[in-house]
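Undergrad: Next up is a structure, given as structure tokens.
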Amino acid sequence: MTNVRARLAGVAAHLPERWVSMAEREAQVAAASAPFSPPGGLVTELTGVEGVHLVGARQQASDLAVCAARKVLADSGVQAADVELMIFAASSQDMIEPATSHIVAAKLGLSCPVFDVKNACNSVLNAVEVTEALIASGRYRTVLITCGEAPSLSARLSVPNPAAFARAFPSYGFSDAGAAMLWTAGESFPSAPGVLGSRFIADSSAWQAATLRGGGTFSVREPDEEHSYFQMDGMGLRDSLRALAPSLHSLLDELGLTLTDCAFIGVHQVSLEDVDAMCALDLGIPRDRLVLTLPRHGNVASASLPLQLTRALESGQAGPGDLVALIGLAAGSSAGLVVIRL
């Protein structure tokens, strides 16, 4: 057993200045879709999202990641030269090639190795899993995870009919954000801070339930305007994820813990209905341990968990020595749980 543990040295989030109310977002859809007019107020009623942050016209996913990374490095007192590995983890990307991690590294002035990790809204959580293994192996001692999410760009504002609106509906809650997590090597005795364990599971047979085909071989071989926009079978994806989530309990059993031992529990937030379901499932999430960022900040994809953790630390809900659990749910579909002692 290794005597090194990946320790969270800092976390930060960045939200674009422009915030648009859902009423304004729905008005944009109505104006672009005339003569079809979607029912007003439906997005907030069904998801709980009151507004979203929108990336600037000249901003890229990498810019959002850079803003958060600069903050976490400054707050932690770590210089760019001290970072031994940087991972860009997001469902968004600047372009197909090169990896967005190179663009982020260039903007930050990093000279270390870099690579991307992509697994929809579990991208950051999977990057934590990779970081945990690399630090525990002794390969790296200081790892920076960066994230830049601009899913709002995949929302289809012009929908010709109710069927197209239904397929695009989940994307109207998409919001843009950047996030960063700094990890360092620490000792691995029982009460030491760091990652205590992680568990990931998948049901890849459900991959067609949520897709954005643009930018891949599908869009090259089968050109179609709809490939540029996110589409989702909400019920199919929900059923798959709700079946996966209870299996995460096995990690807690191995660690001799329950979720009630955690001061803060982050769970990927797509709608308030889904949050309610996660609290009601066998997973047994205590609602008073959550930080609800969805109403004000929308669905920020894989930046969601770092954003929630940042808010928990800022509010004092969690602090040094506390246990926290991060629960990821993503299209594909996949679920993950990481337990950390701060």
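Residue numbers start at 1 in each chain; chains themselves are named A, B, ... in the order of the structure tokens; ligands are numbered from 1 in the order shown.
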Could the residues of stretch 168-190 of chain A that have an atom at most 7 Å from stretch 8-32 of chain A be listed as JSON lines, each with its closest atom pair and the distance in Å to one decimal, counting only C-alpha atoms and ordered by chain and ascending residue number?
TA:
```
{"residue": "A:Asp176", "atom": "CA", "partner": "A:Leu15", "partner_atom": "CA", "distance": 6.9}
{"residue": "A:Ala177", "atom": "CA", "partner": "A:Leu15", "partner_atom": "CA", "distance": 4.8}
{"residue": "A:Gly178", "atom": "CA", "partner": "A:His14", "partner_atom": "CA", "distance": 4.8}
{"residue": "A:Ala179", "atom": "CA", "partner": "A:Ala13", "partner_atom": "CA", "distance": 4.2}
{"residue": "A:Ala180", "atom": "CA", "partner": "A:Ala12", "partner_atom": "CA", "distance": 5.3}
{"residue": "A:Met181", "atom": "CA", "partner": "A:Val11", "partner_atom": "CA", "distance": 4.4}
{"residue": "A:Leu182", "atom": "CA", "partner": "A:Gly10", "partner_atom": "CA", "distance": 5.1}
{"residue": "A:Trp183", "atom": "CA", "partner": "A:Leu8", "partner_atom": "CA", "distance": 4.7}
{"residue": "A:Thr184", "atom": "CA", "partner": "A:Ala9", "partner_atom": "CA", "distance": 6.3}
```
Undergrad: Could you write out the selected residues, including N, CA and C atoms, as a compact mmCIF listing (two decimals), in the first residue's frame?
TA:
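That gives us part.txt:
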```txt
# COMPACT_ATOMS: atom_id res chain seq x y z
N ASP A 176 -22.27 28.52 -18.41
CA ASP A 176 -20.83 28.46 -18.65
C ASP A 176 -20.04 28.78 -17.38
N ALA A 177 -18.89 28.12 -17.23
CA ALA A 177 -18.08 28.32 -16.02
C ALA A 177 -16.69 27.75 -16.22
N GLY A 178 -15.77 28.21 -15.39
CA GLY A 178 -14.43 27.64 -15.32
C GLY A 178 -14.20 27.12 -13.91
N ALA A 179 -13.29 26.18 -13.77
CA ALA A 179 -12.96 25.63 -12.45
C ALA A 179 -11.52 25.14 -12.45
N ALA A 180 -10.95 25.03 -11.27
CA ALA A 180 -9.59 24.52 -11.14
C ALA A 180 -9.42 23.88 -9.78
N MET A 181 -8.64 22.82 -9.73
CA MET A 181 -8.31 22.13 -8.48
C MET A 181 -6.81 21.87 -8.47
N LEU A 182 -6.16 22.23 -7.37
CA LEU A 182 -4.73 22.01 -7.22
C LEU A 182 -4.51 20.86 -6.24
N TRP A 183 -3.72 19.87 -6.68
CA TRP A 183 -3.48 18.68 -5.87
C TRP A 183 -1.98 18.53 -5.61
N THR A 184 -1.63 18.17 -4.39
CA THR A 184 -0.24 17.94 -4.03
C THR A 184 -0.10 16.61 -3.30
```
Undergrad: Give me the stretch 100-190 of chain A side of the contact with stretch 74-82 of chain A, cut-off 9 Å, one line per residue showing its nearest atom pair and distance in Å at one decimal, counting only C-alpha atoms, sorted by chain and residue number, as CSV.
TA:
```
residue,atom,partner,partner_atom,distance
A:Leu108,CA,A:Ala80,CA,7.3
A:Gly109,CA,A:Ala80,CA,6.7
A:Leu110,CA,A:Ala80,CA,5.7
A:Ser111,CA,A:Ala81,CA,7.3
A:Cys112,CA,A:Ala81,CA,8.0
A:Thr142,CA,A:Asp82,CA,7.1
A:Leu182,CA,A:Ser76,CA,8.2
```
Undergrad: Pick the closest to A:Ala6 from A:Pro162, A:Pro193, A:Pro38, A:Gly148: which is it, counting only C-alpha atoms?
TA: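 Ranked by minimum distance to A:Ala6, first place goes to A:Pro193.
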Undergrad: Could you pull out all residues of stretch 5-195 of chain A with a DSSP call of alpha helix (DSSP H) and give them as a ChimeraX atom specification?
TA: /A:22-33,42-47,61-76,100-108,123-136,162-168
Undergrad: May I ask which of the residues A:His53, A:His102, A:Arg58, A:Arg341 is the closest one to A:Glu149, counting only C-alpha atoms?
TA: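 Between A:His53, A:His102, A:Arg58, A:Arg341, the residue approaching A:Glu149 most closely is A:His53.
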Undergrad: Rounded to one decimal place, report the atom CA of A:Ala155-atom CA of A:Phe230 distance in Å.
TA: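 Going from atom CA of A:Ala155 over to atom CA of A:Phe230 covers 6.2 Å.
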Undergrad: Using backbone DSSP assignments, extract all strand (DSSP E) residues from stretch 22-140 of chain A; output them as a PyMOL selection string.
TA: chain A and resi 51-53+85-89+114-117
